[in-house]
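Chemist: My questions all concern the structure below.
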Amino acid sequence: MTFNYGFDRLTVNKLIKISKGGLKGILSSQTIEKINSCRQKVETMAGSNKAVYGINTGFGPLCDVQITPNETNKLQKNLLITHAVGVGNPIDKALSKIMMICKVHALCQGYSGIRLKVIERILFFIEHDLIPVVPEQGSVGASGDLAPLSHLFLPLLGEGEFWDGDTIMSARKVLDKYKLQPIVLEAKEGLALINGTQFILAHAVIGLYKMKYLLDLADVAGAISIEGYKGSASPFKEALHVIRPFLGVIKVAKRMRMLFKNSKNIMSHENCERVQDPYSMRCIPQVHGASRSAYMHLKDLVKIELNAVTDNPIVLTDTEAISGGNFHGQPLAMALDYTSIAASELGNISDRRCYLLIEGKFGLPRLLTKSGGLNSGFMIPQYTTAALVTENKSLCFPPSADSIPTSLGQEDHVSMGSISGRKLNQILGNLEKILAIELMYGVQALEFRRPNTFSKLIETNFKIIRKKVKKLEEDRLLKDDINAMIGMVKNRIIKVK
């Protein structure tokens, strides 16, 4: 199977497949025609006496300075070099590769005016897994992700660096290795490369990819905790939720019913005297469902942005290039902040369920150990979930609510969406750890409900977890158990469907 850049609709799943080599991106004859046609328009404007922003003028506050044709190439090279001012640790290689794929698809729409040979060189990097080194900090998410995109495309010029396994190698050495000459950029090309939201977008894509699994996993962890707690399944009945039919809530309630199907443990106490469970168990559809709604909102916006043109100016005819604001990251930034709160809340409610399981109620021993006193049992891992939850809460301040003017006031309102994207993924990383610990607690609680049996999915996960993490009889070093649980979550070993 192939994906036709510039014509086919890009989705999160297709993008992930291309980045992992499971789907090959190609340039069809129609795409090439669009690229070449738009390039011809740029060359016409570049040779005229009319000032056209970004084609024969300076940039930002220097937009009123016209550039001669002889200075154009140097201007485009200078643009990348001067904007490559990112700092901090390099982003993950997967993110850099996703940025390149997103940029190629945007450039192939036929509104950016870049030459075919530049796009073909980027495709060569993608197909040969030549991944540029991109620092994580430095973008304000407004004139596009200028700093990270500059670092991403410096290697086209023989500048900057590539990853070589886990080490870093100069771009010049890598180009020499593949017998490639550095690209000499021409009119508009530098601007087309570094204007755009691809850094924000890549973080949103990875965030959605992670969160889809974690939403399902949170339901599984919650169901296991309820089984261990001998909680009630009645709050998940369909009749309750159709009268307040939020889509996310409806879906979670349905999943919870599936997770309790044929559970002998649930059936064993259907008619007990307990009236209701605490909110962290009873309100799973409402809380998890609200997080799903945030996820769905971001997903809808990312679908649009994946197939959008976000550089500047946008080339329409051989006499018109509109300098607008398609590069502004606000549409994604606000949704990323909303989704960060949603992800944080999944961890918040998970920690509360961990706490309930160690209280020593409804037939469970305190701290989930029968020999408390001499043994601390599962007392301390909940400290870890509490710490992670608070860290996530502190990461929920919305960067999109802030703006600091840049570029001598020309860029006087910025989105800070790059920070929003980075923070979402930090929160999701912490959520993986929180849910891993809840699953460890939940499975330990299930041990005290035997010989009762559970649903097929919960029994399957019980066996999967017990292969790596044994029942806690007496105190032992739990660090290895926690790391094993986190590994199973990260690698998606725990079944969610």
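Identifiers in this document derive from the order of the structure tokens: chains are assigned A, B, ..., residues are numbered from 1 separately in each chain, and ligands are numbered from 1 in order of occurrence.
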Mind listing the helix (DSSP H, G or I) residues of stretch 182-430 of chain A, per DSSP on the backbone, as a PyMOL selection string?
Modeler: chain A and resi 189-194+198-229+234-236+238-241+247-259+264-267+279-282+284-306+330-357+366-368+381-394+399-401+407-409+417-430
Chemist: With 8 Å as the cut-off and only C-alpha atoms counted, what is the closest atom pair between each nearby residue of stretch 385-439 of chain A and stretch 137-147 of chain A? Distances in Å to one decimal, ordered by chain and number, as JSON lines.
Modeler:
```
{"residue": "A:Glu411", "atom": "CA", "partner": "A:Ser143", "partner_atom": "CA", "distance": 7.4}
{"residue": "A:His413", "atom": "CA", "partner": "A:Ala142", "partner_atom": "CA", "distance": 7.5}
{"residue": "A:Val414", "atom": "CA", "partner": "A:Ala142", "partner_atom": "CA", "distance": 4.7}
{"residue": "A:Ser415", "atom": "CA", "partner": "A:Gly141", "partner_atom": "CA", "distance": 5.2}
{"residue": "A:Met416", "atom": "CA", "partner": "A:Val140", "partner_atom": "CA", "distance": 4.4}
{"residue": "A:Gly417", "atom": "CA", "partner": "A:Gly141", "partner_atom": "CA", "distance": 5.1}
{"residue": "A:Ser418", "atom": "CA", "partner": "A:Gly141", "partner_atom": "CA", "distance": 5.6}
{"residue": "A:Ile419", "atom": "CA", "partner": "A:Val140", "partner_atom": "CA", "distance": 7.8}
```
Chemist: Take the residues that were just selected and, keeping N, CA, C and O atoms, output them as an mmCIF file, in the first residue's frame.
Modeler:
```cif
data_model
loop_
_atom_site.group_PDB
_atom_site.id
_atom_site.type_symbol
_atom_site.label_atom_id
_atom_site.label_comp_id
_atom_site.auth_asym_id
_atom_site.auth_seq_id
_atom_site.Cartn_x
_atom_site.Cartn_y
_atom_site.Cartn_z
ATOM 1 N N GLU A 411 4.950 40.161 15.705
ATOM 2 C CA GLU A 411 4.265 38.943 16.160
ATOM 3 C C GLU A 411 3.835 39.199 17.605
ATOM 4 O O GLU A 411 4.466 38.740 18.558
ATOM 5 N N HIS A 413 0.968 38.491 19.222
ATOM 6 C CA HIS A 413 0.163 37.515 19.943
ATOM 7 C C HIS A 413 0.571 36.125 19.474
ATOM 8 O O HIS A 413 0.451 35.803 18.292
ATOM 9 N N VAL A 414 1.069 35.331 20.398
ATOM 10 C CA VAL A 414 1.570 33.999 20.042
ATOM 11 C C VAL A 414 0.824 32.937 20.849
ATOM 12 O O VAL A 414 0.246 33.218 21.900
ATOM 13 N N SER A 415 0.853 31.680 20.360
ATOM 14 C CA SER A 415 0.002 30.632 20.946
ATOM 15 C C SER A 415 0.664 29.835 22.059
ATOM 16 O O SER A 415 -0.018 29.248 22.895
ATOM 17 N N MET A 416 1.995 29.761 22.063
ATOM 18 C CA MET A 416 2.744 28.911 22.992
ATOM 19 C C MET A 416 2.300 27.439 22.886
ATOM 20 O O MET A 416 2.456 26.652 23.813
ATOM 21 N N GLY A 417 1.755 27.069 21.720
ATOM 22 C CA GLY A 417 1.239 25.711 21.528
ATOM 23 C C GLY A 417 2.298 24.630 21.600
ATOM 24 O O GLY A 417 1.992 23.480 21.923
ATOM 25 N N SER A 418 3.544 24.981 21.302
ATOM 26 C CA SER A 418 4.614 23.973 21.408
ATOM 27 C C SER A 418 4.764 23.502 22.843
ATOM 28 O O SER A 418 5.020 22.318 23.106
ATOM 29 N N ILE A 419 4.600 24.423 23.787
ATOM 30 C CA ILE A 419 4.693 24.068 25.208
ATOM 31 C C ILE A 419 3.479 23.233 25.605
ATOM 32 O O ILE A 419 3.593 22.260 26.357
#
```
Chemist: Have a look at A:Ile168, A:Lys17, A:Ala321, A:Ile26 and name the one nearest to A:Asn56; count only C-alpha atoms.
Modeler: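 Between A:Ile168, A:Lys17, A:Ala321, A:Ile26, the residue approaching A:Asn56 most closely is A:Ala321.
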Chemist: Could you list, as a PyMOL selection string, every residue within 12 Å of A:His297, counting only C-alpha atoms and ignoring same-chain residues fewer than 2 positions away?
Modeler: chain A and resi 204+208+247-248+290-295+299-304+331-332+334-339+342
Chemist: Would you mind writing down, as an NGL selection string, each residue of stretch 58-276 of chain A that DSSP on the backbone assigns to strand (DSSP E)?
Modeler: :A and (87-90 or 135-137 or 161-164 or 167-170)
Chemist: Residues of the last selection are to be written out with N, CA and C atoms, as a PDB file, in the first residue's frame.
Modeler:
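Result written to selection-v1.pdb:
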```pdb
ATOM      1  N   VAL A  87      16.858  25.267  22.245  1.00  0.00           N
ATOM      2  CA  VAL A  87      17.682  24.825  23.376  1.00  0.00           C
ATOM      3  C   VAL A  87      17.000  23.631  24.045  1.00  0.00           C
ATOM      4  N   GLY A  88      17.713  23.048  25.005  1.00  0.00           N
ATOM      5  CA  GLY A  88      17.146  21.928  25.751  1.00  0.00           C
ATOM      6  C   GLY A  88      17.492  20.592  25.122  1.00  0.00           C
ATOM      7  N   ASN A  89      16.937  19.536  25.687  1.00  0.00           N
ATOM      8  CA  ASN A  89      17.196  18.181  25.196  1.00  0.00           C
ATOM      9  C   ASN A  89      16.576  17.985  23.816  1.00  0.00           C
ATOM     10  N   PRO A  90      17.149  17.103  22.997  1.00  0.00           N
ATOM     11  CA  PRO A  90      16.524  16.799  21.703  1.00  0.00           C
ATOM     12  C   PRO A  90      15.182  16.106  21.904  1.00  0.00           C
ATOM     13  N   PRO A 135      16.090  20.401  19.070  1.00  0.00           N
ATOM     14  CA  PRO A 135      15.921  20.733  20.490  1.00  0.00           C
ATOM     15  C   PRO A 135      14.447  20.942  20.834  1.00  0.00           C
ATOM     16  N   GLU A 136      14.084  20.669  22.091  1.00  0.00           N
ATOM     17  CA  GLU A 136      12.677  20.682  22.485  1.00  0.00           C
ATOM     18  C   GLU A 136      12.124  22.074  22.796  1.00  0.00           C
ATOM     19  N   GLN A 137      12.986  23.040  23.080  1.00  0.00           N
ATOM     20  CA  GLN A 137      12.504  24.352  23.513  1.00  0.00           C
ATOM     21  C   GLN A 137      12.881  25.441  22.520  1.00  0.00           C
ATOM     22  N   GLU A 161      22.589  18.665  12.532  1.00  0.00           N
ATOM     23  CA  GLU A 161      23.013  17.321  12.938  1.00  0.00           C
ATOM     24  C   GLU A 161      21.927  16.282  12.674  1.00  0.00           C
ATOM     25  N   PHE A 162      22.390  15.040  12.504  1.00  0.00           N
ATOM     26  CA  PHE A 162      21.510  13.881  12.400  1.00  0.00           C
ATOM     27  C   PHE A 162      21.755  12.948  13.582  1.00  0.00           C
ATOM     28  N   TRP A 163      20.747  12.136  13.865  1.00  0.00           N
ATOM     29  CA  TRP A 163      20.949  11.016  14.774  1.00  0.00           C
ATOM     30  C   TRP A 163      21.657   9.890  14.028  1.00  0.00           C
ATOM     31  N   ASP A 164      22.630   9.277  14.688  1.00  0.00           N
ATOM     32  CA  ASP A 164      23.279   8.079  14.172  1.00  0.00           C
ATOM     33  C   ASP A 164      23.154   7.032  15.271  1.00  0.00           C
ATOM     34  N   THR A 167      23.777   8.185  18.984  1.00  0.00           N
ATOM     35  CA  THR A 167      24.773   9.258  18.981  1.00  0.00           C
ATOM     36  C   THR A 167      24.382  10.307  17.940  1.00  0.00           C
ATOM     37  N   ILE A 168      25.114  11.403  17.940  1.00  0.00           N
ATOM     38  CA  ILE A 168      24.815  12.525  17.043  1.00  0.00           C
ATOM     39  C   ILE A 168      25.981  12.721  16.075  1.00  0.00           C
ATOM     40  N   MET A 169      25.651  12.924  14.812  1.00  0.00           N
ATOM     41  CA  MET A 169      26.673  13.102  13.772  1.00  0.00           C
ATOM     42  C   MET A 169      26.376  14.372  12.982  1.00  0.00           C
ATOM     43  N   SER A 170      27.398  15.067  12.562  1.00  0.00           N
ATOM     44  CA  SER A 170      27.192  16.294  11.787  1.00  0.00           C
ATOM     45  C   SER A 170      26.488  15.966  10.470  1.00  0.00           C
TER      46      SER A 170
END
```
Chemist: Find the residues around stretch 358-375 of chain A up to 10 Å (only C-alpha atoms counted), leave out those fewer than 5 positions away in its own chain, and share them as a list in words.
Modeler: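 Non-adjacent residues within range: Gly228, Tyr229, Lys230, Gly231, Arg274, Arg353, Ile380, Gln382, Tyr441, Gly442, Gln444, Ala445, Leu446, Glu447, Phe448, Arg449, Lys471, Leu472, Glu473, Glu474, Asp475 and Arg476 of chain A.
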Chemist: Looking at only C-alpha atoms, which of A:Ala436, A:Val52, A:Leu185, A:Gly110 is the one that sits closest to A:Asp481?
Modeler: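 Counting only C-alpha atoms, the residue closest to A:Asp481 is A:Ala436.
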Chemist: Using only C-alpha atoms, can you tell me which of A:Lys20, A:His83, A:Arg450, A:Lys468 comes closest to A:Asn265?
Modeler: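 When distances to A:Asn265 are compared using only C-alpha atoms, the smallest one comes from A:Arg450.
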Chemist: List as a list of chain:residue names the protein and nucleic acid residues near A:Glu227, meaning an atom at most 10 Å away when only C-alpha atoms are counted, but skip any in the same chain fewer than 4 places from it.
Modeler: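 The neighbour list is A:Ala221, A:Gly222, A:Ala223, A:Gly231, A:Ser232, A:Ala233, A:Leu259, A:Phe260, A:Ser263, A:Asn265, A:Ile266, A:Gly442, A:Val443, A:Ala445, A:Leu446, A:Arg449, A:Thr453, A:Phe454, A:Ser455, A:Ile458.
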Chemist: How would the residues just chosen look if you wrote them out with all heavy atoms as a compact mmCIF listing (two decimals), in the first residue's frame?
Modeler:
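So the final result, stored in again-v3.txt, reads:
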```txt
# COMPACT_ATOMS: atom_id res chain seq x y z
N ALA A 221 -8.35 -0.71 34.31
CA ALA A 221 -7.83 -0.56 35.67
C ALA A 221 -8.96 -0.28 36.65
O ALA A 221 -9.01 -0.85 37.76
CB ALA A 221 -6.79 0.55 35.72
N GLY A 222 -9.90 0.60 36.25
CA GLY A 222 -11.03 0.91 37.12
C GLY A 222 -11.90 -0.31 37.38
O GLY A 222 -12.35 -0.54 38.51
N ALA A 223 -12.14 -1.11 36.35
CA ALA A 223 -12.96 -2.31 36.50
C ALA A 223 -12.29 -3.32 37.44
O ALA A 223 -12.95 -3.93 38.29
CB ALA A 223 -13.22 -2.95 35.14
N GLY A 231 -17.11 -3.66 44.51
CA GLY A 231 -18.00 -2.56 44.22
C GLY A 231 -19.19 -3.00 43.38
O GLY A 231 -19.26 -4.15 42.93
N SER A 232 -20.09 -2.08 43.15
CA SER A 232 -21.33 -2.38 42.43
C SER A 232 -21.19 -2.09 40.94
O SER A 232 -20.52 -1.14 40.53
CB SER A 232 -22.47 -1.54 43.00
OG SER A 232 -23.64 -1.69 42.23
N ALA A 233 -21.87 -2.91 40.13
CA ALA A 233 -21.91 -2.68 38.68
C ALA A 233 -23.14 -1.88 38.26
O ALA A 233 -23.26 -1.48 37.10
CB ALA A 233 -21.90 -4.02 37.95
N LEU A 259 -16.66 -5.19 30.65
CA LEU A 259 -15.59 -5.64 31.55
C LEU A 259 -16.11 -6.45 32.74
O LEU A 259 -15.34 -7.16 33.38
CB LEU A 259 -14.78 -4.43 32.03
CG LEU A 259 -13.88 -3.79 30.97
CD1 LEU A 259 -13.46 -2.38 31.39
CD2 LEU A 259 -12.66 -4.66 30.72
N PHE A 260 -17.40 -6.32 33.04
CA PHE A 260 -18.00 -7.08 34.15
C PHE A 260 -18.82 -8.28 33.66
O PHE A 260 -19.38 -9.02 34.48
CB PHE A 260 -18.90 -6.18 34.99
CG PHE A 260 -18.15 -5.10 35.74
CD1 PHE A 260 -18.59 -3.79 35.70
CD2 PHE A 260 -17.01 -5.39 36.46
CE1 PHE A 260 -17.91 -2.79 36.39
CE2 PHE A 260 -16.32 -4.40 37.14
CZ PHE A 260 -16.77 -3.10 37.11
N SER A 263 -19.04 -11.99 35.24
CA SER A 263 -18.19 -12.01 36.44
C SER A 263 -18.94 -12.66 37.60
O SER A 263 -19.95 -12.14 38.07
CB SER A 263 -17.76 -10.58 36.82
OG SER A 263 -17.19 -10.59 38.12
N ASN A 265 -17.73 -12.85 40.51
CA ASN A 265 -17.45 -12.01 41.67
C ASN A 265 -18.50 -10.91 41.82
O ASN A 265 -19.02 -10.68 42.91
CB ASN A 265 -16.05 -11.39 41.53
CG ASN A 265 -15.63 -10.62 42.77
OD1 ASN A 265 -15.54 -11.17 43.86
ND2 ASN A 265 -15.37 -9.34 42.61
N ILE A 266 -18.84 -10.25 40.70
CA ILE A 266 -19.87 -9.22 40.73
C ILE A 266 -21.22 -9.82 41.14
O ILE A 266 -21.95 -9.27 41.98
CB ILE A 266 -19.99 -8.52 39.36
CG1 ILE A 266 -18.78 -7.61 39.11
CG2 ILE A 266 -21.29 -7.72 39.25
CD1 ILE A 266 -18.77 -6.32 39.89
N GLY A 442 -4.85 -3.48 41.90
CA GLY A 442 -6.09 -4.16 41.58
C GLY A 442 -5.95 -5.67 41.51
O GLY A 442 -6.79 -6.42 42.03
N VAL A 443 -4.89 -6.12 40.86
CA VAL A 443 -4.66 -7.56 40.74
C VAL A 443 -4.39 -8.18 42.11
O VAL A 443 -4.84 -9.30 42.40
CB VAL A 443 -3.51 -7.82 39.74
CG1 VAL A 443 -3.05 -9.26 39.81
CG2 VAL A 443 -3.97 -7.50 38.33
N ALA A 445 -5.68 -7.10 44.88
CA ALA A 445 -6.99 -7.16 45.52
C ALA A 445 -7.81 -8.35 45.01
O ALA A 445 -8.56 -8.98 45.77
CB ALA A 445 -7.74 -5.85 45.30
N LEU A 446 -7.68 -8.67 43.73
CA LEU A 446 -8.41 -9.81 43.17
C LEU A 446 -8.05 -11.11 43.87
O LEU A 446 -8.88 -12.03 43.96
CB LEU A 446 -8.14 -9.94 41.66
CG LEU A 446 -8.63 -8.83 40.74
CD1 LEU A 446 -8.36 -9.19 39.28
CD2 LEU A 446 -10.10 -8.52 40.94
N ARG A 449 -10.41 -12.27 46.41
CA ARG A 449 -11.78 -12.58 46.00
C ARG A 449 -11.90 -13.98 45.41
O ARG A 449 -12.98 -14.38 44.97
CB ARG A 449 -12.27 -11.54 44.98
CG ARG A 449 -12.21 -10.09 45.46
CD ARG A 449 -12.90 -9.90 46.79
NE ARG A 449 -12.85 -8.50 47.24
CZ ARG A 449 -13.20 -8.10 48.45
NH1 ARG A 449 -13.58 -8.99 49.37
NH2 ARG A 449 -13.14 -6.82 48.79
N THR A 453 -14.57 -15.91 40.11
CA THR A 453 -13.93 -15.62 38.82
C THR A 453 -14.46 -14.31 38.28
O THR A 453 -15.48 -13.78 38.73
CB THR A 453 -14.18 -16.74 37.81
OG1 THR A 453 -15.60 -16.92 37.66
CG2 THR A 453 -13.53 -18.05 38.27
N PHE A 454 -13.77 -13.80 37.26
CA PHE A 454 -14.08 -12.48 36.70
C PHE A 454 -14.36 -12.61 35.21
O PHE A 454 -14.37 -13.71 34.66
CB PHE A 454 -12.92 -11.53 36.99
CG PHE A 454 -12.45 -11.60 38.42
CD1 PHE A 454 -11.33 -12.34 38.78
CD2 PHE A 454 -13.16 -10.97 39.42
CE1 PHE A 454 -10.92 -12.43 40.10
CE2 PHE A 454 -12.77 -11.05 40.75
CZ PHE A 454 -11.64 -11.79 41.09
N SER A 455 -14.57 -11.49 34.55
CA SER A 455 -14.82 -11.53 33.10
C SER A 455 -13.61 -12.09 32.37
O SER A 455 -12.49 -12.14 32.90
CB SER A 455 -15.12 -10.13 32.58
OG SER A 455 -13.95 -9.32 32.63
N ILE A 458 -10.67 -9.59 32.15
CA ILE A 458 -9.96 -9.38 33.42
C ILE A 458 -9.15 -10.62 33.80
O ILE A 458 -8.01 -10.51 34.26
CB ILE A 458 -10.96 -8.99 34.53
CG1 ILE A 458 -11.47 -7.56 34.27
CG2 ILE A 458 -10.30 -9.08 35.91
CD1 ILE A 458 -12.47 -7.05 35.29
```
Chemist: Can you tell me which residues surround stretch 313-317 of chain A at a distance of at most 9 Å, considering only C-alpha atoms, apart from same-chain residues fewer than 6 positions away, and format the answer as a PDB file with N, CA, C and O atoms, in the first residue's frame?
Modeler:
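What landed in out_30.pdb:
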```pdb
ATOM      1  N   CYS A  38       3.046  25.594  -8.744  1.00  0.00           N
ATOM      2  CA  CYS A  38       3.152  26.623  -7.711  1.00  0.00           C
ATOM      3  C   CYS A  38       4.548  27.237  -7.704  1.00  0.00           C
ATOM      4  O   CYS A  38       4.704  28.446  -7.492  1.00  0.00           O
ATOM      5  N   LYS A  41       4.868  29.994 -10.195  1.00  0.00           N
ATOM      6  CA  LYS A  41       4.253  31.243  -9.745  1.00  0.00           C
ATOM      7  C   LYS A  41       5.220  32.033  -8.865  1.00  0.00           C
ATOM      8  O   LYS A  41       5.320  33.260  -8.972  1.00  0.00           O
ATOM      9  N   VAL A  42       5.930  31.331  -7.993  1.00  0.00           N
ATOM     10  CA  VAL A  42       6.901  31.992  -7.111  1.00  0.00           C
ATOM     11  C   VAL A  42       8.014  32.625  -7.935  1.00  0.00           C
ATOM     12  O   VAL A  42       8.436  33.765  -7.676  1.00  0.00           O
ATOM     13  N   VAL A  52       6.624  41.334  -2.652  1.00  0.00           N
ATOM     14  CA  VAL A  52       5.761  40.245  -2.176  1.00  0.00           C
ATOM     15  C   VAL A  52       6.422  39.626  -0.950  1.00  0.00           C
ATOM     16  O   VAL A  52       7.547  39.113  -1.037  1.00  0.00           O
ATOM     17  N   TYR A  53       5.732  39.682   0.182  1.00  0.00           N
ATOM     18  CA  TYR A  53       6.331  39.240   1.444  1.00  0.00           C
ATOM     19  C   TYR A  53       6.880  37.819   1.348  1.00  0.00           C
ATOM     20  O   TYR A  53       6.211  36.906   0.874  1.00  0.00           O
ATOM     21  N   GLY A  54       8.110  37.665   1.832  1.00  0.00           N
ATOM     22  CA  GLY A  54       8.732  36.352   1.924  1.00  0.00           C
ATOM     23  C   GLY A  54       9.320  35.844   0.628  1.00  0.00           C
ATOM     24  O   GLY A  54      10.017  34.833   0.625  1.00  0.00           O
ATOM     25  N   ILE A  55       8.993  36.501  -0.472  1.00  0.00           N
ATOM     26  CA  ILE A  55       9.523  36.062  -1.771  1.00  0.00           C
ATOM     27  C   ILE A  55      10.626  37.001  -2.234  1.00  0.00           C
ATOM     28  O   ILE A  55      11.708  36.560  -2.621  1.00  0.00           O
ATOM     29  N   GLY A 110       0.504  22.267  -2.847  1.00  0.00           N
ATOM     30  CA  GLY A 110       0.621  23.154  -3.999  1.00  0.00           C
ATOM     31  C   GLY A 110       0.339  24.615  -3.718  1.00  0.00           C
ATOM     32  O   GLY A 110      -0.098  25.355  -4.602  1.00  0.00           O
ATOM     33  N   TYR A 111       0.616  25.058  -2.471  1.00  0.00           N
ATOM     34  CA  TYR A 111       0.423  26.469  -2.123  1.00  0.00           C
ATOM     35  C   TYR A 111       1.679  27.093  -1.521  1.00  0.00           C
ATOM     36  O   TYR A 111       1.644  28.240  -1.106  1.00  0.00           O
ATOM     37  N   SER A 112       2.778  26.342  -1.487  1.00  0.00           N
ATOM     38  CA  SER A 112       3.972  26.794  -0.773  1.00  0.00           C
ATOM     39  C   SER A 112       5.098  27.245  -1.681  1.00  0.00           C
ATOM     40  O   SER A 112       5.997  27.960  -1.246  1.00  0.00           O
ATOM     41  N   GLY A 113       5.072  26.818  -2.923  1.00  0.00           N
ATOM     42  CA  GLY A 113       6.037  27.312  -3.899  1.00  0.00           C
ATOM     43  C   GLY A 113       7.439  26.765  -3.768  1.00  0.00           C
ATOM     44  O   GLY A 113       8.396  27.378  -4.245  1.00  0.00           O
ATOM     45  N   LYS A 188      11.624  31.940  -1.440  1.00  0.00           N
ATOM     46  CA  LYS A 188      10.500  31.475  -0.618  1.00  0.00           C
ATOM     47  C   LYS A 188      10.752  30.143   0.085  1.00  0.00           C
ATOM     48  O   LYS A 188      10.048  29.783   1.041  1.00  0.00           O
ATOM     49  N   LEU A 191      11.390  30.031   3.936  1.00  0.00           N
ATOM     50  CA  LEU A 191      10.172  30.392   4.662  1.00  0.00           C
ATOM     51  C   LEU A 191       9.156  29.256   4.626  1.00  0.00           C
ATOM     52  O   LEU A 191       8.481  28.979   5.624  1.00  0.00           O
ATOM     53  N   ALA A 192       9.036  28.588   3.483  1.00  0.00           N
ATOM     54  CA  ALA A 192       8.106  27.461   3.374  1.00  0.00           C
ATOM     55  C   ALA A 192       8.484  26.337   4.327  1.00  0.00           C
ATOM     56  O   ALA A 192       7.615  25.650   4.874  1.00  0.00           O
ATOM     57  N   SER A 323      -0.239  37.031   2.666  1.00  0.00           N
ATOM     58  CA  SER A 323       0.442  36.905   3.951  1.00  0.00           C
ATOM     59  C   SER A 323      -0.619  36.932   5.041  1.00  0.00           C
ATOM     60  O   SER A 323      -1.148  37.978   5.404  1.00  0.00           O
ATOM     61  N   GLY A 324      -0.968  35.756   5.533  1.00  0.00           N
ATOM     62  CA  GLY A 324      -2.012  35.632   6.545  1.00  0.00           C
ATOM     63  C   GLY A 324      -1.475  35.046   7.837  1.00  0.00           C
ATOM     64  O   GLY A 324      -0.333  35.322   8.233  1.00  0.00           O
ATOM     65  N   GLY A 325      -2.274  34.217   8.472  1.00  0.00           N
ATOM     66  CA  GLY A 325      -1.876  33.681   9.773  1.00  0.00           C
ATOM     67  C   GLY A 325      -2.132  32.196   9.933  1.00  0.00           C
ATOM     68  O   GLY A 325      -2.378  31.722  11.051  1.00  0.00           O
ATOM     69  N   ASN A 326      -2.049  31.429   8.835  1.00  0.00           N
ATOM     70  CA  ASN A 326      -2.292  29.994   8.937  1.00  0.00           C
ATOM     71  C   ASN A 326      -1.271  29.269   9.817  1.00  0.00           C
ATOM     72  O   ASN A 326      -1.495  28.143  10.227  1.00  0.00           O
TER      73      ASN A 326
END
```
Chemist: Counting only C-alpha atoms, which of A:Leu123, A:Leu395, A:Val489, A:Leu240 gets nearest to A:Lys103?
Modeler: A:Leu123
Chemist: Could you check how far atom CA of A:Leu428 sits from atom CA of A:Leu457, in Å to one decimal?
Modeler: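 We find that atom CA of A:Leu428 and atom CA of A:Leu457 lie 23.9 Å from each other.
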Chemist: Check the smallest atom-to-atom distance from each of A:Ala84, A:Ile91, A:Ala239, A:Val205 to A:Gly190 using only C-alpha atoms, then report the winner.
Modeler: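 Ranking A:Ala84, A:Ile91, A:Ala239, A:Val205 by distance to A:Gly190, first place goes to A:Ala84.
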Chemist: Name all residues at most 10 Å from A:Met1 (count only C-alpha atoms; drop same-chain ones fewer than 3 positions away) and give them as a ChimeraX atom specification.
Modeler: /A:22-25
Chemist: Measuring atom to atom with only C-alpha atoms, identify which of A:Gln76, A:Thr82, A:Asn307, A:Ser340 is nearest to A:Leu193.
Modeler: A:Gln76
